[in-house]
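Student: I am sharing coords-v1.cif, which consists of mmCIF, C-alpha atoms:
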data_run
loop_
_atom_site.label_atom_id
_atom_site.label_comp_id
_atom_site.auth_asym_id
_atom_site.auth_seq_id
_atom_site.Cartn_x
_atom_site.Cartn_y
_atom_site.Cartn_z
CA MET A 3 -14.55 27.50 9.53
CA GLY A 4 -16.23 26.04 12.52
CA ASP A 5 -19.82 27.13 12.17
CA GLU A 6 -22.14 24.22 11.69
CA HIS A 7 -23.58 24.40 8.19
CA ASP A 8 -24.79 27.95 8.42
CA HIS A 9 -23.22 28.89 5.12
CA ASP A 10 -25.41 31.41 3.43
CA HIS A 11 -26.04 29.42 0.25
CA ALA A 12 -29.09 27.25 0.30
CA HIS A 13 -28.74 23.65 -0.76
CA ASP A 14 -30.58 23.36 -4.03
CA ALA A 15 -31.72 19.80 -4.54
CA HIS A 16 -31.66 20.29 -8.30
CA ALA A 17 -28.31 22.01 -8.62
CA PRO A 18 -25.68 19.99 -10.45
CA ASP A 19 -23.09 18.53 -8.14
CA ALA A 20 -20.47 21.06 -9.05
CA ARG A 21 -18.18 19.96 -6.26
CA GLU A 22 -16.92 16.88 -7.99
CA GLU A 23 -17.75 17.41 -11.60
CA LEU A 24 -15.44 20.20 -12.58
CA PRO A 25 -13.74 19.74 -15.91
CA GLU A 26 -10.13 18.71 -15.90
CA ASN A 27 -8.37 21.31 -13.84
CA SER A 28 -5.19 22.36 -15.52
CA ARG A 29 -3.73 23.82 -12.33
CA HIS A 30 -3.83 20.44 -10.64
CA GLU A 31 -2.73 18.65 -13.76
CA LEU A 32 0.31 20.92 -13.83
CA MET A 33 0.83 20.40 -10.11
CA ALA A 34 0.87 16.62 -10.43
CA LYS A 35 3.28 16.77 -13.36
CA ALA A 36 5.52 19.25 -11.54
CA LEU A 37 5.55 17.06 -8.43
CA ARG A 38 6.59 14.09 -10.55
CA GLU A 39 9.53 15.96 -12.04
CA LEU A 40 10.66 17.48 -8.76
CA LEU A 41 10.41 14.20 -6.85
CA ILE A 42 12.42 12.42 -9.54
CA GLU A 43 15.06 15.15 -9.51
CA LYS A 44 15.32 14.98 -5.75
CA GLY A 45 15.85 11.23 -5.96
CA LEU A 46 12.71 10.37 -3.97
CA VAL A 47 11.09 8.36 -6.76
CA THR A 48 12.24 7.13 -10.15
CA ALA A 49 10.44 7.46 -13.46
CA ASP A 50 10.23 3.66 -13.65
CA GLU A 51 8.64 3.42 -10.22
CA VAL A 52 6.03 5.98 -11.22
CA ARG A 53 5.25 4.14 -14.43
CA ALA A 54 5.01 0.80 -12.65
CA MET A 55 2.75 2.25 -9.95
CA ILE A 56 0.38 3.71 -12.54
CA GLU A 57 0.16 0.28 -14.17
CA GLN A 58 -0.52 -1.28 -10.79
CA LEU A 59 -3.29 1.25 -10.11
CA GLU A 60 -4.88 0.44 -13.45
CA SER A 61 -4.84 -3.32 -12.97
CA PRO A 62 -7.60 -4.01 -10.40
CA GLY A 63 -11.10 -3.82 -11.72
CA VAL A 64 -14.51 -5.38 -11.59
CA HIS A 65 -13.05 -8.67 -12.86
CA LEU A 66 -11.48 -9.28 -9.45
CA GLY A 67 -14.68 -8.57 -7.54
CA ALA A 68 -16.63 -10.67 -10.02
CA ARG A 69 -14.27 -13.62 -9.51
CA ILE A 70 -14.75 -13.42 -5.75
CA VAL A 71 -18.54 -13.36 -5.92
CA ALA A 72 -18.80 -16.03 -8.63
CA ARG A 73 -16.68 -18.32 -6.45
CA ALA A 74 -18.94 -17.62 -3.47
CA TRP A 75 -21.98 -18.51 -5.61
CA VAL A 76 -20.60 -21.92 -6.54
CA ASP A 77 -18.69 -22.81 -3.37
CA ALA A 78 -20.68 -22.68 -0.12
CA ASP A 79 -17.60 -23.17 2.07
CA PHE A 80 -15.81 -20.32 0.38
CA ARG A 81 -18.92 -18.17 0.77
CA ARG A 82 -18.94 -18.88 4.50
CA ARG A 83 -15.28 -17.97 4.82
CA LEU A 84 -15.83 -14.84 2.75
CA LEU A 85 -18.61 -13.66 5.04
CA THR A 86 -16.55 -14.46 8.14
CA ASP A 87 -13.28 -12.85 7.11
CA GLY A 88 -13.50 -11.16 3.73
CA LYS A 89 -9.86 -10.26 3.37
CA ALA A 90 -8.55 -13.71 4.23
CA ALA A 91 -10.94 -15.42 1.80
CA ILE A 92 -10.09 -12.96 -0.96
CA MET A 93 -6.37 -13.56 -0.43
CA GLU A 94 -7.06 -17.31 -0.86
CA LEU A 95 -7.88 -16.55 -4.49
CA GLY A 96 -4.50 -14.92 -4.93
CA ILE A 97 -5.97 -11.42 -5.02
CA PRO A 98 -3.63 -9.12 -3.07
CA ALA A 99 -6.14 -7.12 -1.01
CA THR A 100 -4.34 -4.20 0.59
CA GLU A 101 -7.25 -2.93 2.67
CA ALA A 102 -6.95 -3.41 6.44
CA GLN A 103 -10.28 -5.20 6.53
CA ILE A 104 -12.88 -6.15 3.93
CA VAL A 105 -16.37 -6.84 5.16
CA VAL A 106 -18.55 -8.72 2.71
CA VAL A 107 -22.27 -8.04 3.11
CA GLU A 108 -24.72 -10.49 1.62
CA ASN A 109 -27.95 -9.58 -0.12
CA ALA A 110 -30.99 -11.73 0.62
CA PRO A 111 -34.62 -11.76 -0.54
CA ARG A 112 -35.45 -9.17 2.10
CA ILE A 113 -32.09 -7.39 2.46
CA HIS A 114 -30.35 -5.12 -0.02
CA ASN A 115 -26.92 -3.75 0.89
CA MET A 116 -25.23 -0.67 -0.50
CA ILE A 117 -21.89 0.97 0.19
CA VAL A 118 -20.91 4.59 0.68
CA CYS A 119 -18.16 6.57 2.35
CA THR A 120 -19.68 9.72 3.76
CA LEU A 121 -16.50 11.14 5.25
CA CYS A 122 -14.16 10.76 2.31
CA SER A 123 -14.24 8.24 -0.50
CA CYS A 124 -13.07 4.93 0.96
CA TYR A 125 -13.63 2.12 -1.50
CA PRO A 126 -12.31 -1.45 -1.92
CA ARG A 127 -9.75 -0.25 -4.47
CA SER A 128 -7.54 -3.32 -4.51
CA ILE A 129 -10.59 -5.28 -5.71
CA LEU A 130 -12.60 -2.81 -7.78
CA GLY A 131 -9.99 -0.25 -8.83
CA GLN A 132 -10.67 3.48 -8.58
CA PRO A 133 -14.07 4.59 -7.34
CA PRO A 134 -16.45 5.92 -10.00
CA ALA A 135 -17.04 9.67 -10.15
CA TRP A 136 -20.56 9.42 -8.73
CA TYR A 137 -19.32 7.42 -5.73
CA VAL A 138 -16.99 10.25 -4.69
CA SER A 139 -19.60 12.93 -5.48
CA GLY A 140 -21.03 15.03 -2.69
CA ASN A 141 -24.57 14.13 -3.71
CA TYR A 142 -24.06 10.39 -3.27
CA ARG A 143 -21.98 10.74 -0.10
CA SER A 144 -24.41 13.08 1.61
CA ARG A 145 -27.70 11.39 0.68
CA ALA A 146 -26.97 7.66 0.58
CA ILE A 147 -27.39 7.26 4.32
CA HIS A 148 -30.66 9.13 4.82
CA GLU A 149 -32.50 8.53 1.57
CA PRO A 150 -30.93 5.41 0.10
CA ARG A 151 -34.05 4.30 -1.78
CA ALA A 152 -34.29 7.65 -3.57
CA VAL A 153 -30.59 7.55 -4.44
CA LEU A 154 -30.89 3.98 -5.72
CA ALA A 155 -33.91 4.95 -7.81
CA GLU A 156 -31.96 7.82 -9.35
CA LEU A 157 -29.17 5.36 -10.15
CA GLY A 158 -31.67 3.07 -11.79
CA ILE A 159 -32.85 0.43 -9.32
CA THR A 160 -36.05 0.39 -7.36
CA ILE A 161 -35.98 -1.61 -4.16
CA PRO A 162 -39.44 -2.88 -3.16
CA ASP A 163 -40.77 -1.66 0.19
CA HIS A 164 -40.65 -5.13 1.74
CA VAL A 165 -36.88 -5.26 1.20
CA GLU A 166 -34.78 -3.65 3.90
CA VAL A 167 -31.99 -1.40 2.60
CA ARG A 168 -28.79 -1.51 4.64
CA VAL A 169 -26.27 1.22 3.99
CA HIS A 170 -22.68 0.59 5.01
CA ASP A 171 -20.52 3.63 5.68
CA SER A 172 -16.89 2.78 4.98
CA THR A 173 -13.88 3.92 6.94
CA ALA A 174 -10.17 4.02 6.24
CA GLU A 175 -9.80 0.71 8.06
CA MET A 176 -12.96 -1.04 6.91
CA ARG A 177 -14.07 -1.42 3.29
CA TYR A 178 -17.15 -3.24 2.11
CA LEU A 179 -18.07 -5.47 -0.80
CA VAL A 180 -21.63 -6.52 -1.61
CA LEU A 181 -22.35 -10.19 -2.27
CA PRO A 182 -25.42 -10.01 -4.53
CA MET A 183 -27.97 -12.80 -4.82
CA ARG A 184 -27.33 -15.27 -7.61
CA PRO A 185 -29.89 -14.52 -10.33
CA PRO A 186 -32.47 -17.21 -11.08
CA GLY A 187 -31.95 -19.31 -14.19
CA THR A 188 -28.19 -19.56 -13.75
CA ASP A 189 -27.92 -23.16 -12.55
CA GLN A 190 -26.22 -24.29 -15.73
CA LEU A 191 -23.68 -21.49 -15.86
CA SER A 192 -20.00 -22.03 -15.13
CA GLU A 193 -18.14 -19.93 -12.60
CA GLU A 194 -16.64 -17.88 -15.46
CA GLN A 195 -20.08 -17.31 -16.98
CA LEU A 196 -21.46 -16.27 -13.60
CA ALA A 197 -18.64 -13.75 -13.22
CA GLN A 198 -19.80 -12.13 -16.46
CA LEU A 199 -23.11 -11.24 -14.81
CA LEU A 200 -21.43 -9.11 -12.18
CA THR A 201 -20.95 -5.44 -12.82
CA ARG A 202 -18.93 -3.10 -10.65
CA ASP A 203 -22.10 -1.41 -9.46
CA SER A 204 -23.66 -4.72 -8.43
CA LEU A 205 -20.74 -5.11 -6.03
CA ILE A 206 -21.33 -1.65 -4.54
CA GLY A 207 -25.05 -2.32 -4.26
CA THR A 208 -26.17 0.35 -6.71
CA ALA A 209 -27.21 -2.19 -9.36
CA LEU A 210 -28.29 -5.81 -9.52
CA PRO A 211 -26.39 -8.53 -11.36
CA LEU A 212 -27.21 -8.87 -15.05
CA ALA A 213 -29.79 -11.43 -16.13
CA PRO A 214 -28.34 -14.46 -17.91
CA ALA A 215 -28.63 -14.43 -21.68
CA PRO A 216 -31.59 -16.57 -22.79
CA ALA A 217 -30.56 -20.03 -23.89
CA THR A 218 -30.35 -20.41 -27.64
CA GLY A 219 -31.06 -23.41 -29.84
CA MET B 21 -22.87 17.29 19.64
CA GLY B 22 -19.55 18.25 18.21
CA ILE B 23 -19.17 20.69 15.36
CA LYS B 24 -19.51 18.99 11.98
CA HIS B 25 -16.65 19.72 9.66
CA TYR B 26 -17.05 20.42 5.95
CA HIS B 27 -16.02 16.95 4.85
CA ASP B 28 -18.58 15.30 7.15
CA ILE B 29 -21.51 15.51 4.75
CA GLY B 30 -23.39 12.29 5.53
CA GLY B 31 -27.04 13.09 6.12
CA GLN B 32 -27.00 16.47 4.42
CA PRO B 33 -29.37 17.30 1.62
CA GLY B 34 -27.96 17.19 -1.88
CA GLY B 35 -28.80 16.99 -5.55
CA ARG B 36 -29.60 13.97 -7.67
CA ALA B 37 -27.17 11.11 -7.82
CA GLU B 38 -26.27 10.71 -11.47
CA ARG B 39 -24.54 7.66 -12.86
CA ILE B 40 -21.78 9.66 -14.46
CA GLU B 41 -18.71 7.75 -15.57
CA ALA B 42 -15.86 10.20 -15.82
CA PRO B 43 -12.66 9.00 -17.45
CA TRP B 44 -9.72 8.54 -15.12
CA LEU B 45 -7.25 11.08 -16.42
CA TYR B 46 -3.49 10.66 -16.63
CA TRP B 47 -2.71 13.42 -14.14
CA GLN B 48 -5.15 11.87 -11.66
CA LYS B 49 -3.43 8.50 -11.94
CA LEU B 50 -0.07 10.24 -11.67
CA SER B 51 -1.09 12.00 -8.49
CA GLU B 52 -2.34 8.76 -6.92
CA ALA B 53 0.80 6.91 -8.02
CA LEU B 54 3.10 9.53 -6.48
CA ARG B 55 1.19 9.42 -3.20
CA ASN B 56 1.34 5.63 -3.12
CA LEU B 57 5.09 5.68 -3.71
CA LEU B 58 5.69 8.42 -1.13
CA GLY B 59 3.73 6.43 1.42
CA ASP B 60 5.32 3.03 0.82
CA ARG B 61 7.38 1.16 3.41
CA GLN B 62 10.61 2.31 1.89
CA ARG B 63 9.77 6.04 1.91
CA ARG B 64 7.06 6.61 4.54
CA LEU B 65 6.95 10.28 3.61
CA VAL B 66 3.28 11.03 2.92
CA SER B 67 0.55 8.81 4.36
CA VAL B 68 -3.10 8.73 3.31
CA ASP B 69 -4.06 9.81 6.82
CA GLU B 70 -1.84 12.88 6.51
CA VAL B 71 -3.38 13.73 3.14
CA ARG B 72 -6.82 13.52 4.72
CA ARG B 73 -5.77 15.61 7.70
CA VAL B 74 -4.60 18.36 5.33
CA PHE B 75 -7.61 18.39 3.01
CA GLU B 76 -10.02 18.21 5.91
CA THR B 77 -8.48 21.34 7.43
CA PHE B 78 -7.24 23.49 4.54
CA GLY B 79 -10.61 25.07 3.90
CA GLN B 80 -13.77 24.22 2.06
CA GLN B 81 -12.88 26.06 -1.12
CA LYS B 82 -9.86 23.86 -1.82
CA TYR B 83 -11.77 20.80 -0.62
CA ASP B 84 -14.62 21.46 -3.02
CA ALA B 85 -12.26 21.75 -5.99
CA GLY B 86 -12.70 18.00 -6.48
CA PHE B 87 -11.52 14.58 -5.38
CA TYR B 88 -8.16 14.37 -7.15
CA GLU B 89 -7.65 18.14 -6.93
CA ARG B 90 -7.82 18.17 -3.13
CA ARG B 91 -5.63 15.10 -2.82
CA THR B 92 -2.98 16.57 -5.12
CA GLU B 93 -3.07 19.90 -3.31
CA ALA B 94 -2.78 18.18 0.08
CA MET B 95 0.16 16.06 -1.06
CA ALA B 96 1.97 19.18 -2.28
CA ALA B 97 1.25 20.96 1.02
CA LEU B 98 2.66 18.01 2.97
CA LEU B 99 5.82 17.93 0.89
CA MET B 100 6.28 21.61 1.69
CA GLU B 101 5.49 21.08 5.36
CA LYS B 102 8.19 18.39 5.43
CA GLY B 103 10.73 20.58 3.67
CA VAL B 104 10.97 18.39 0.57
CA LEU B 105 10.12 21.31 -1.69
CA ASN B 106 8.94 24.90 -1.44
CA GLN B 107 6.06 26.81 -2.97
CA GLN B 108 8.21 28.81 -5.33
CA GLU B 109 9.92 25.73 -6.67
CA LEU B 110 6.56 24.10 -7.33
CA GLU B 111 4.97 27.15 -8.93
CA SER B 112 7.92 27.80 -11.21
CA ARG B 113 8.01 24.16 -12.31
CA MET B 114 4.28 24.31 -13.04
CA ALA B 115 4.84 27.44 -15.14
CA LEU B 116 7.67 25.72 -16.97
CA ILE B 117 5.56 22.68 -17.80
CA ALA B 118 2.69 24.94 -18.87
CA ALA B 119 5.01 26.76 -21.27
CA ARG B 120 6.44 23.50 -22.56
CA THR B 121 3.14 21.76 -23.14
CA GLY B 122 0.88 24.67 -23.94
CA VAL B 123 -1.39 23.96 -20.94
CA GLN B 124 -2.96 27.18 -19.72
#
Let's see the structure in the file written out as structure tokens.
Tutor:
Amino acid sequence: MGDEHDHDHAHDAHAPDAREELPENSRHELMAKALRELLIEKGLVTADEVRAMIEQLESPGVHLGARIVARAWVDADFRRRLLTDGKAAIMELGIPATEAQIVVVENAPRIHNMIVCTLCSCYPRSILGQPPAWYVSGNYRSRAIHEPRAVLAELGITIPDHVEVRVHDSTAEMRYLVLPMRPPGTDQLSEEQLAQLLTRDSLIGTALPLAPAPATG
Amino acid sequence: MGIKHYHDIGGQPGGRAERIEAPWLYWQKLSEALRNLLGDRQRRLVSVDEVRRVFETFGQQKYDAGFYERRTEAMAALLMEKGVLNQQELESRMALIAARTGVQ
């Protein structure tokens, strides 16, 4: 180790991102299962604690992030508090954010925000759950900061040239959440209906909120 | 300019970003759950920072094995470092589970 990137393999821009996309690795599956058994036998954890923790890990999801943003769209005071101190405002909604700090970054007609963690895979887990596979992939982590528009295009959104793209690199202490712009034509929607327009990726900045369903009747 | 370590990949070239949604497998959840429990206030045995320290120094090959793979491997290494278990104990338990469940 120690040499700066002079490994002898060339980076092939078209190579699949093998780093993160290996099939389920049975060695590590066995390791995790063996650790569980050994730690239970040694009295360090109980089977019930493990089960409960898995359930707790599964419980956050986009619904929490969507609730936060939908509230910010309908409540200007909340929005202000959210942008000033993300964690405190999120806790107001009864969402137990465990991150040290959550910084909410607001999209605007000329600003599009996106989130990455180049050094590891920091992510607002207590709000959005586990990070998606592409977020922890080497390709996303390495390229998001120097060619964000290309990465966004590959993920399916084209940001016009007149819109500035701001990339936020997370740290262990500081996690980000994107506050997207409220889509036009949503004046009549309730807070719950607005929340339905928010996808996980719209809160990471790699997608835009869904368009409202056309009115019927 | 300091030397960039293998985990510090921001700004490097890379392949296409693909919107791949991989399922979150049971063993991956199990590994995360164990780490969370070992790092809680009551136990304070394995912190996230320690896990990072290990996988950022144990070599690129193990690092590149994957997100949950490197975290699991680092947690096991820390438990050995702290004398909670030893390599042989872990390997023989893995072999036992493999035999029991038919996992290769």
Student: When you count all atoms listed in the file, which of these residues is closest to B:Gln32: A:Thr160, A:Gln198, A:Asn141, A:Thr173?
Tutor: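 For B:Gln32, the nearest of the candidates is A:Asn141.
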Student: Please tabulate, as a tab-separated table, the residues of chain B that come within 7 Å of chain A, each with its closest pair of atoms and the distance in Å to one decimal, counting all atoms listed in the file and ordering rows by chain, then residue number upward.
Tutor:
residue	atom	partner	partner_atom	distance
B:Ile23	CA	A:Glu6	CA	5.9
B:Lys24	CA	A:Glu6	CA	5.9
B:His25	CA	A:Gly4	CA	6.9
B:His27	CA	A:Leu121	CA	5.8
B:Asp28	CA	A:Leu121	CA	5.0
B:Ile29	CA	A:Ser144	CA	4.9
B:Gly30	CA	A:Ser144	CA	4.1
B:Gly31	CA	A:Ser144	CA	5.2
B:Gln32	CA	A:Ser144	CA	5.1
B:Pro33	CA	A:Arg145	CA	6.2
B:Gly34	CA	A:Asn141	CA	4.9
B:Gly35	CA	A:Ala15	CA	4.2
B:Arg36	CA	A:Asn141	CA	6.4
B:Ala37	CA	A:Tyr142	CA	5.6
B:Glu38	CA	A:Leu157	CA	6.2
B:Arg39	CA	A:Leu157	CA	5.8
B:Ile40	CA	A:Trp136	CA	5.9
B:Glu41	CA	A:Ala135	CA	6.0
B:Ala42	CA	A:Ala135	CA	5.8
B:Trp47	CA	A:Glu31	CA	5.2
B:Lys49	CA	A:Ile56	CA	6.1
B:Leu50	CA	A:Ala34	CA	6.6
B:Ser51	CA	A:Ala34	CA	5.4
B:Ala53	CA	A:Met55	CA	5.4
B:Leu54	CA	A:Val52	CA	6.6
B:Asp84	CA	A:Arg21	CA	5.0
B:Ala85	CA	A:Arg21	CA	6.2
B:Gly86	CA	A:Glu22	CA	4.6
B:Phe87	CA	A:Glu22	CA	6.4
B:Glu89	CA	A:His30	CA	5.8
B:Thr92	CA	A:Ala34	CA	6.6
B:Leu110	CA	A:Ala36	CA	6.5
B:Arg113	CA	A:Ala36	CA	5.6
B:Met114	CA	A:Leu32	CA	5.3
B:Ile117	CA	A:Leu32	CA	6.8
B:Ala118	CA	A:Leu32	CA	6.9
B:Val123	CA	A:Ser28	CA	6.8
B:Gln124	CA	A:Ser28	CA	6.8
Student: I need the output of the PyMOL selection byres ((chain A and resi 210) around 9) for this file as a list in words; which residues are they?
Tutor: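 Taken on the displayed file, the PyMOL selection byres ((chain A and resi 210) around 9) yields the residues Ile159, Pro182, Met183, Pro185, Leu200, Thr201, Asp203, Ser204, Leu205, Gly207, Thr208, Ala209, Pro211, Leu212 and Ala213 of chain A.
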Student: Quick check, in Å to one decimal: how far apart do atom CA of A:Ile206 and atom CA of A:Arg151 lie?
Tutor: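 Those two atoms sit 14.3 Å apart.
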Student: What is the atom CA of B:Phe75-atom CA of B:Ala96 distance in Å, reported with one decimal?
Tutor: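 We find that atom CA of B:Phe75 and atom CA of B:Ala96 lie 11.0 Å from each other.
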Student: What does the structure give for the distance between atom CA of B:Leu105 and atom CA of B:Thr121, in Å to one decimal?
Tutor: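 Spanning atom CA of B:Leu105 to atom CA of B:Thr121 is a straight-line distance of 22.6 Å.
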